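Asks: Dumping the structure here so I can ask a few things about it.
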Amino acid sequence: MLSCDICGETVTSEPDMKAHLLIVHMENEVMCPFCKLSGVNYDEMCFHIETAHFEQNELERNLERVNTRQYETSDNREDNTLQCRMEVNSSIHSACASNHPKISAQSLPKDGTLKHKAFYSENLTESRKFLKSKEKQCDLSKIKGSSYETMYGPPDCPFCGKIEDCNQDMETHVKTKHANLLDTPLEGTDRVQCSKDLELAHQLQQEEDRKRSEESRQEMEEFQKLQRQYGLDNSGGYKQQQLRNMEKEVNRGRMHPSEFHRRKADMMESLAIGIDDGKTKTSGIIEALYRYYQNAATDVRHVWLSAAVDHFQSSFGDRGWGCGYRNFQMLLSSLLQNDAYGDCLKGMSVPCIPKIQSMIEDAWKEGFDPQGASQLNNKLQGTKAWIGACEVYTLLTSLRVKCHIIDFHKSTGPLGTHPRLFEWILNYYASEREGSPKVVCTAKPPIYLQHQGHSRTVVGIEERKNRTLCLLIFDPGCPSQEMQKLLKQDMEASNLKQLRKFVGNLKHKQYQIVAVEGVLTSEEKVARKQASQVFTAEKIP
């Protein structure tokens with residue numbers, strides 16, 4: 001709160017104080033109502049009136065008491081007039097300035113004495129005239145303000161000249177209509193301090209804006225990076241990437257132009273019919289592994305292999321993002337060779353990647369996994385969007401293939417390893433271990449294995465003589481030339497290095513697998529579609 005040094009009135013802020021000073025105390029000076037004496041302060045003026053004009057002042061006090069008794073029972077309008085009268089009488093004592101005629105100080109004798117009767121008569125007449133004029137002014141304007149307002153009349157705005165009924169209305173007018181003028185800097189030290197405060201506030205605001213801009217830029221860069229990483233940056237899909245990469249090979253001299261046109265024609269035909277062209281497929285590896293383990297691998301106690309499965313390598317069109325699609329092709333290639341799944345997969349061939357994208361979109365439209373569809377904007381075709389265990393499960397279930405997801409969401413062994421994952425896969429392939437032959441080709445389909453940033457296909461598991469376990473894994477990132485080395489009759493143990501993964505090799509934070517269990521009935525398919533509205537997985541541990 002701020003207090004006025006002149007009248008003691010308190011206000012809440014500097015703009016209000018400036019408005020008060022401008023309106024109430026603007027260019028006013030204290031003047032004697034009897035002799036026009038001015039240029040002195042309030043206390044000196046009071047002393048002057050009490051000594052030089054004692055009789056006149058005493059008479060007005062008596063008149064005030066008479067007026068008070070006379071108007072005690074008057075109505076509201078008369079009360080207002082009485083209030084104005086009292087304020088006028090009081091103002092005589094307070095020595096505030098007025099506009100009525102006053103006796104000149106030069107008319108007084110030099111010795112400061114004056115006949116009381118003559119002085120009394122003249123000033124009493126003038127005082128009564130002044131009183132009547134102010135009463136009439138109060139009656140006309142109905143002012144209910146302070147004594148200051150009564151003696152000075154309605155205040156006018158120092159900026160635009162508008163007249164208001166009272167000081168409070170004028171203050172409100174100034175603060176609302178001329179707020180910009182009140183906010184101008186002060187003079188002297190106050191101006192310097194205000195300038196420093198404004199400069200500091202401006203610097204703080206600029207710093208805050210800079211931080212927000214930097215945070216927004218970093219968020220956008222991270223978002224665009226994720227979009228590029230997961231193939232959602234609108235840079236085209238399989239077809240566009242295949243053509244761009246083949247053109248680069250031609251420009252680098254690694255591909256003849258005629259080979260480019262031949263591959264382009266094959267790709268367009270494959271896309272038209274929706275079937276993979278088989279250029280990256282390697283078949284017969286499971287049979288070759290069976291022969292190898294029969295005749296070699298003396299350090300292996302038992303090995304269980306999945307049903308026949310083809311390996312599919314990533315190509316120019318999906319390199320860097322197509323591992324999920326390639327692993328689905330591997331899994332589907334095994335199911336298509338298994339008579340148990342002939343009914344639900346009747347007439348199908350291994351689809352190309354754009355066709356797989358279309359099939360997943362159809363499953364979403366059918367009502368499977370709406371949350372996953374929303375995360376990928378319900379669109380896969382024409383993009384390089386990654387897919388994972390949920391999309392593979394959705395697609396298999398829409399084809400009436402019974403499967404489920406198991407989530408190994410945290411490490412279950414030392415140094416971030418997952419021994420429980422190995423144990424689960426062993427139990428999946430080897431229901432009866434004791435008394436079984438060294439090499440077992442099961443009828444179980446391969447397992448889809450997902451972890452952050454990549455997916456692979458588990459096609460078997462070894463049990464070493466020291467009781468340790470080792471997975472046999474097809475990786476779509478492994479070139480077909482390397483996989484074809486496994487087909488040789490004189491295959492060496494070093495060729496298996498790219499397939500073997502021990503417990504210490506799998507140290508990602510989380511792994512998910514999709515395991516196929518059989519065929520769904522139509523009713524079971526509908527039930528699983530409803531269950532996929534809120535996707536859940538079995539968690540281990």
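Naming scheme: A, B, ... for chains in displayed order of the structure tokens; residues 1 onward per chain; ligands 1 onward as shown.
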Would you mind listing what lies within 7 Å of A:Pro370 as a PDB file with N, CA and C atoms, in the first residue's frame, with only C-alpha atoms counted and same-chain residues fewer than 4 positions away left out?
Replies:
```pdb
ATOM      1  N   TRP A 364      -6.776 -55.079 -39.555  1.00  0.00           N
ATOM      2  CA  TRP A 364      -7.186 -53.923 -38.744  1.00  0.00           C
ATOM      3  C   TRP A 364      -8.620 -53.518 -39.063  1.00  0.00           C
ATOM      4  N   SER A 374      -3.996 -47.627 -34.687  1.00  0.00           N
ATOM      5  CA  SER A 374      -3.965 -46.184 -34.466  1.00  0.00           C
ATOM      6  C   SER A 374      -2.537 -45.669 -34.362  1.00  0.00           C
ATOM      7  N   GLN A 533      -8.901 -56.038 -28.492  1.00  0.00           N
ATOM      8  CA  GLN A 533      -9.240 -54.628 -28.288  1.00  0.00           C
ATOM      9  C   GLN A 533      -8.325 -54.022 -27.217  1.00  0.00           C
TER      10      GLN A 533
END
```
Asks: I'd like the contact shell of A:Val519 - 12 Å cut-off, only C-alpha atoms, skipping same-chain residues fewer than 3 positions apart - returned as a list in words.
Replies: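 Final neighbour list, sorted by chain and number: Leu335, Asn338, Asp339, Ala340, Tyr341, Gly342, Asp343, Cys344, Leu345, Leu396, Thr397, Ser398, Leu399, Arg400, Val401, Lys402, Cys403, His404, Val516, Ser522, Glu523, Glu524 and Lys525 of chain A.
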Asks: Could you save the residues just selected, with N, CA, C and O atoms, as a PDB file, in the first residue's frame?
Replies:
```
ATOM      1  N   LEU A 335       4.514 -72.979 -42.377  1.00  0.00           N
ATOM      2  CA  LEU A 335       3.114 -73.371 -42.226  1.00  0.00           C
ATOM      3  C   LEU A 335       2.540 -73.873 -43.548  1.00  0.00           C
ATOM      4  O   LEU A 335       1.707 -74.805 -43.556  1.00  0.00           O
ATOM      5  N   ASN A 338       3.133 -77.471 -44.059  1.00  0.00           N
ATOM      6  CA  ASN A 338       2.568 -78.327 -43.012  1.00  0.00           C
ATOM      7  C   ASN A 338       1.089 -78.562 -43.328  1.00  0.00           C
ATOM      8  O   ASN A 338       0.301 -77.630 -43.388  1.00  0.00           O
ATOM      9  N   ASP A 339       0.722 -79.821 -43.529  1.00  0.00           N
ATOM     10  CA  ASP A 339      -0.652 -80.153 -43.914  1.00  0.00           C
ATOM     11  C   ASP A 339      -1.667 -79.742 -42.850  1.00  0.00           C
ATOM     12  O   ASP A 339      -2.840 -79.530 -43.165  1.00  0.00           O
ATOM     13  N   ALA A 340      -1.232 -79.633 -41.592  1.00  0.00           N
ATOM     14  CA  ALA A 340      -2.160 -79.274 -40.521  1.00  0.00           C
ATOM     15  C   ALA A 340      -2.747 -77.876 -40.714  1.00  0.00           C
ATOM     16  O   ALA A 340      -3.821 -77.566 -40.182  1.00  0.00           O
ATOM     17  N   TYR A 341      -2.082 -77.047 -41.492  1.00  0.00           N
ATOM     18  CA  TYR A 341      -2.543 -75.672 -41.701  1.00  0.00           C
ATOM     19  C   TYR A 341      -3.061 -75.453 -43.124  1.00  0.00           C
ATOM     20  O   TYR A 341      -3.293 -74.321 -43.542  1.00  0.00           O
ATOM     21  N   GLY A 342      -3.260 -76.561 -43.844  1.00  0.00           N
ATOM     22  CA  GLY A 342      -3.716 -76.455 -45.234  1.00  0.00           C
ATOM     23  C   GLY A 342      -5.101 -75.848 -45.359  1.00  0.00           C
ATOM     24  O   GLY A 342      -5.395 -75.155 -46.335  1.00  0.00           O
ATOM     25  N   ASP A 343      -5.974 -76.070 -44.367  1.00  0.00           N
ATOM     26  CA  ASP A 343      -7.348 -75.581 -44.461  1.00  0.00           C
ATOM     27  C   ASP A 343      -7.410 -74.054 -44.329  1.00  0.00           C
ATOM     28  O   ASP A 343      -8.065 -73.375 -45.128  1.00  0.00           O
ATOM     29  N   CYS A 344      -6.744 -73.500 -43.334  1.00  0.00           N
ATOM     30  CA  CYS A 344      -6.828 -72.043 -43.110  1.00  0.00           C
ATOM     31  C   CYS A 344      -5.949 -71.256 -44.072  1.00  0.00           C
ATOM     32  O   CYS A 344      -6.177 -70.050 -44.264  1.00  0.00           O
ATOM     33  N   LEU A 345      -4.938 -71.910 -44.701  1.00  0.00           N
ATOM     34  CA  LEU A 345      -4.040 -71.217 -45.626  1.00  0.00           C
ATOM     35  C   LEU A 345      -4.202 -71.721 -47.053  1.00  0.00           C
ATOM     36  O   LEU A 345      -3.289 -71.573 -47.874  1.00  0.00           O
ATOM     37  N   LEU A 396      -1.595 -63.451 -38.235  1.00  0.00           N
ATOM     38  CA  LEU A 396      -1.807 -64.902 -38.123  1.00  0.00           C
ATOM     39  C   LEU A 396      -3.206 -65.218 -37.601  1.00  0.00           C
ATOM     40  O   LEU A 396      -3.874 -66.137 -38.105  1.00  0.00           O
ATOM     41  N   THR A 397      -3.666 -64.463 -36.619  1.00  0.00           N
ATOM     42  CA  THR A 397      -4.992 -64.722 -36.060  1.00  0.00           C
ATOM     43  C   THR A 397      -6.081 -64.445 -37.087  1.00  0.00           C
ATOM     44  O   THR A 397      -7.088 -65.170 -37.161  1.00  0.00           O
ATOM     45  N   SER A 398      -5.911 -63.403 -37.898  1.00  0.00           N
ATOM     46  CA  SER A 398      -6.899 -63.114 -38.940  1.00  0.00           C
ATOM     47  C   SER A 398      -6.941 -64.231 -39.975  1.00  0.00           C
ATOM     48  O   SER A 398      -7.963 -64.426 -40.651  1.00  0.00           O
ATOM     49  N   LEU A 399      -5.844 -65.009 -40.105  1.00  0.00           N
ATOM     50  CA  LEU A 399      -5.796 -66.162 -41.010  1.00  0.00           C
ATOM     51  C   LEU A 399      -6.235 -67.456 -40.325  1.00  0.00           C
ATOM     52  O   LEU A 399      -6.103 -68.535 -40.905  1.00  0.00           O
ATOM     53  N   ARG A 400      -6.692 -67.324 -39.070  1.00  0.00           N
ATOM     54  CA  ARG A 400      -7.171 -68.459 -38.254  1.00  0.00           C
ATOM     55  C   ARG A 400      -6.030 -69.378 -37.826  1.00  0.00           C
ATOM     56  O   ARG A 400      -6.227 -70.562 -37.565  1.00  0.00           O
ATOM     57  N   VAL A 401      -4.842 -68.828 -37.709  1.00  0.00           N
ATOM     58  CA  VAL A 401      -3.712 -69.571 -37.164  1.00  0.00           C
ATOM     59  C   VAL A 401      -3.651 -69.272 -35.674  1.00  0.00           C
ATOM     60  O   VAL A 401      -3.551 -68.120 -35.257  1.00  0.00           O
ATOM     61  N   LYS A 402      -3.686 -70.316 -34.864  1.00  0.00           N
ATOM     62  CA  LYS A 402      -3.682 -70.152 -33.412  1.00  0.00           C
ATOM     63  C   LYS A 402      -2.249 -69.895 -32.936  1.00  0.00           C
ATOM     64  O   LYS A 402      -1.345 -70.692 -33.182  1.00  0.00           O
ATOM     65  N   CYS A 403      -2.064 -68.805 -32.227  1.00  0.00           N
ATOM     66  CA  CYS A 403      -0.733 -68.447 -31.722  1.00  0.00           C
ATOM     67  C   CYS A 403      -0.898 -67.578 -30.492  1.00  0.00           C
ATOM     68  O   CYS A 403      -1.996 -67.114 -30.183  1.00  0.00           O
ATOM     69  N   HIS A 404       0.158 -67.346 -29.789  1.00  0.00           N
ATOM     70  CA  HIS A 404       0.118 -66.435 -28.656  1.00  0.00           C
ATOM     71  C   HIS A 404       1.487 -65.788 -28.458  1.00  0.00           C
ATOM     72  O   HIS A 404       2.506 -66.283 -28.942  1.00  0.00           O
ATOM     73  N   VAL A 516       3.341 -70.509 -32.639  1.00  0.00           N
ATOM     74  CA  VAL A 516       2.153 -71.064 -33.288  1.00  0.00           C
ATOM     75  C   VAL A 516       1.775 -72.369 -32.604  1.00  0.00           C
ATOM     76  O   VAL A 516       2.625 -73.214 -32.298  1.00  0.00           O
ATOM     77  N   SER A 522     -13.799 -70.703 -36.249  1.00  0.00           N
ATOM     78  CA  SER A 522     -14.361 -69.368 -36.526  1.00  0.00           C
ATOM     79  C   SER A 522     -14.772 -68.671 -35.243  1.00  0.00           C
ATOM     80  O   SER A 522     -14.587 -67.457 -35.088  1.00  0.00           O
ATOM     81  N   GLU A 523     -15.342 -69.426 -34.301  1.00  0.00           N
ATOM     82  CA  GLU A 523     -15.752 -68.828 -33.023  1.00  0.00           C
ATOM     83  C   GLU A 523     -14.550 -68.360 -32.221  1.00  0.00           C
ATOM     84  O   GLU A 523     -14.576 -67.281 -31.611  1.00  0.00           O
ATOM     85  N   GLU A 524     -13.483 -69.156 -32.231  1.00  0.00           N
ATOM     86  CA  GLU A 524     -12.279 -68.753 -31.509  1.00  0.00           C
ATOM     87  C   GLU A 524     -11.646 -67.514 -32.135  1.00  0.00           C
ATOM     88  O   GLU A 524     -11.124 -66.640 -31.430  1.00  0.00           O
ATOM     89  N   LYS A 525     -11.731 -67.407 -33.438  1.00  0.00           N
ATOM     90  CA  LYS A 525     -11.193 -66.218 -34.113  1.00  0.00           C
ATOM     91  C   LYS A 525     -11.947 -64.966 -33.675  1.00  0.00           C
ATOM     92  O   LYS A 525     -11.330 -63.929 -33.384  1.00  0.00           O
TER      93      LYS A 525
END
```
Asks: Which one of A:Glu247, A:Glu207, A:Asp369, A:Asp5 sits closest to A:Lys529 if you count only C-alpha atoms?
Replies: A:Asp369
Asks: So which bits of stretch 458-503 of chain A end up strand (DSSP E) when you DSSP the backbone, as a PyMOL selection string?
Replies: chain A and resi 458-464+469-474+500-502
Asks: Take the residues that were just selected and, keeping N, CA and C atoms, output them as a PDB file, in the first residue's frame.
Replies:
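See part32.pdb below for the written result:
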```pdb
ATOM      1  N   VAL A 458      13.556 -68.380 -34.732  1.00  0.00           N
ATOM      2  CA  VAL A 458      14.201 -69.512 -34.045  1.00  0.00           C
ATOM      3  C   VAL A 458      13.758 -70.802 -34.736  1.00  0.00           C
ATOM      4  N   VAL A 459      14.727 -71.573 -35.243  1.00  0.00           N
ATOM      5  CA  VAL A 459      14.412 -72.798 -35.986  1.00  0.00           C
ATOM      6  C   VAL A 459      14.876 -74.056 -35.263  1.00  0.00           C
ATOM      7  N   GLY A 460      15.437 -73.909 -34.059  1.00  0.00           N
ATOM      8  CA  GLY A 460      15.864 -75.097 -33.321  1.00  0.00           C
ATOM      9  C   GLY A 460      16.649 -74.704 -32.078  1.00  0.00           C
ATOM     10  N   ILE A 461      17.031 -75.744 -31.309  1.00  0.00           N
ATOM     11  CA  ILE A 461      17.792 -75.520 -30.087  1.00  0.00           C
ATOM     12  C   ILE A 461      18.704 -76.717 -29.828  1.00  0.00           C
ATOM     13  N   GLU A 462      19.929 -76.384 -29.408  1.00  0.00           N
ATOM     14  CA  GLU A 462      20.904 -77.425 -29.066  1.00  0.00           C
ATOM     15  C   GLU A 462      20.998 -77.558 -27.546  1.00  0.00           C
ATOM     16  N   GLU A 463      21.207 -78.790 -27.123  1.00  0.00           N
ATOM     17  CA  GLU A 463      21.579 -79.043 -25.726  1.00  0.00           C
ATOM     18  C   GLU A 463      22.984 -79.635 -25.745  1.00  0.00           C
ATOM     19  N   ARG A 464      23.924 -78.855 -25.219  1.00  0.00           N
ATOM     20  CA  ARG A 464      25.321 -79.283 -25.273  1.00  0.00           C
ATOM     21  C   ARG A 464      25.579 -80.356 -24.204  1.00  0.00           C
ATOM     22  N   LEU A 469      22.542 -74.462 -23.218  1.00  0.00           N
ATOM     23  CA  LEU A 469      21.614 -74.416 -24.342  1.00  0.00           C
ATOM     24  C   LEU A 469      22.081 -73.407 -25.368  1.00  0.00           C
ATOM     25  N   CYS A 470      21.755 -73.690 -26.633  1.00  0.00           N
ATOM     26  CA  CYS A 470      22.148 -72.809 -27.729  1.00  0.00           C
ATOM     27  C   CYS A 470      21.016 -72.782 -28.752  1.00  0.00           C
ATOM     28  N   LEU A 471      20.536 -71.582 -29.071  1.00  0.00           N
ATOM     29  CA  LEU A 471      19.464 -71.448 -30.065  1.00  0.00           C
ATOM     30  C   LEU A 471      20.045 -71.468 -31.476  1.00  0.00           C
ATOM     31  N   LEU A 472      19.243 -71.979 -32.397  1.00  0.00           N
ATOM     32  CA  LEU A 472      19.563 -71.915 -33.824  1.00  0.00           C
ATOM     33  C   LEU A 472      18.610 -70.897 -34.451  1.00  0.00           C
ATOM     34  N   ILE A 473      19.161 -69.841 -35.025  1.00  0.00           N
ATOM     35  CA  ILE A 473      18.355 -68.685 -35.430  1.00  0.00           C
ATOM     36  C   ILE A 473      18.634 -68.323 -36.890  1.00  0.00           C
ATOM     37  N   PHE A 474      17.534 -68.064 -37.648  1.00  0.00           N
ATOM     38  CA  PHE A 474      17.631 -67.484 -38.981  1.00  0.00           C
ATOM     39  C   PHE A 474      17.495 -65.971 -38.854  1.00  0.00           C
ATOM     40  N   ARG A 500      24.132 -70.001 -34.452  1.00  0.00           N
ATOM     41  CA  ARG A 500      24.168 -70.310 -33.031  1.00  0.00           C
ATOM     42  C   ARG A 500      24.166 -69.046 -32.160  1.00  0.00           C
ATOM     43  N   LYS A 501      23.278 -69.048 -31.161  1.00  0.00           N
ATOM     44  CA  LYS A 501      23.194 -67.964 -30.193  1.00  0.00           C
ATOM     45  C   LYS A 501      23.085 -68.575 -28.798  1.00  0.00           C
ATOM     46  N   PHE A 502      24.128 -68.358 -27.978  1.00  0.00           N
ATOM     47  CA  PHE A 502      24.143 -68.868 -26.617  1.00  0.00           C
ATOM     48  C   PHE A 502      23.447 -67.873 -25.679  1.00  0.00           C
TER      49      PHE A 502
END
```
Asks: Among stretch 201-298 of chain A, which ones does DSSP place in helix (DSSP H, G or I), written as an MDAnalysis selection string?
Replies: chainID A and resid 201:229 238:251 257:273 285:295
Asks: What lies within 12 Å of A:Asp490 using only C-alpha atoms, ignoring chain neighbours under 2 positions off, as number ranges by chain?
Replies: A: 288-289, 291-292, 295-296, 485-488, 492-495
Asks: I'd like the interatomic distance between atom CA of A:Leu520 and atom CA of A:Lys379, to a tenth of an Å.
Replies: 26.5 Å
Asks: Atom CA of A:Phe260 and atom CA of A:Ser333, how far apart in Å?
Replies: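 Answer for the atom CA of A:Ser333 to atom CA of A:Phe260 separation: 27.9 Å.
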Asks: Go through A:Ile23, A:Cys35, A:Glu208, A:Gln498 and flag the residue nearest A:Lys162, using only C-alpha atoms for the distances.
Replies: A:Ile23
Asks: Quick one: distance from atom CA of A:Ile353 to atom CA of A:Tyr325 in Å, one decimal?
Replies: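 Separation between atom CA of A:Ile353 and atom CA of A:Tyr325: 6.2 Å.
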Asks: Can you build me a table of stretch 365-449 of chain A residues sitting at most 9 Å from stretch 453-456 of chain A, with the closest atom pair per residue and its distance in Å to one decimal, using only C-alpha atoms, sorted by chain and residue number, as a tab-separated table?
Replies:
```
residue	atom	partner	partner_atom	distance
A:Gly388	CA	A:Ser455	CA	7.6
A:Ala389	CA	A:Ser455	CA	8.8
A:Ile447	CA	A:Arg456	CA	8.5
A:Tyr448	CA	A:Arg456	CA	6.3
A:Leu449	CA	A:Arg456	CA	5.2
```
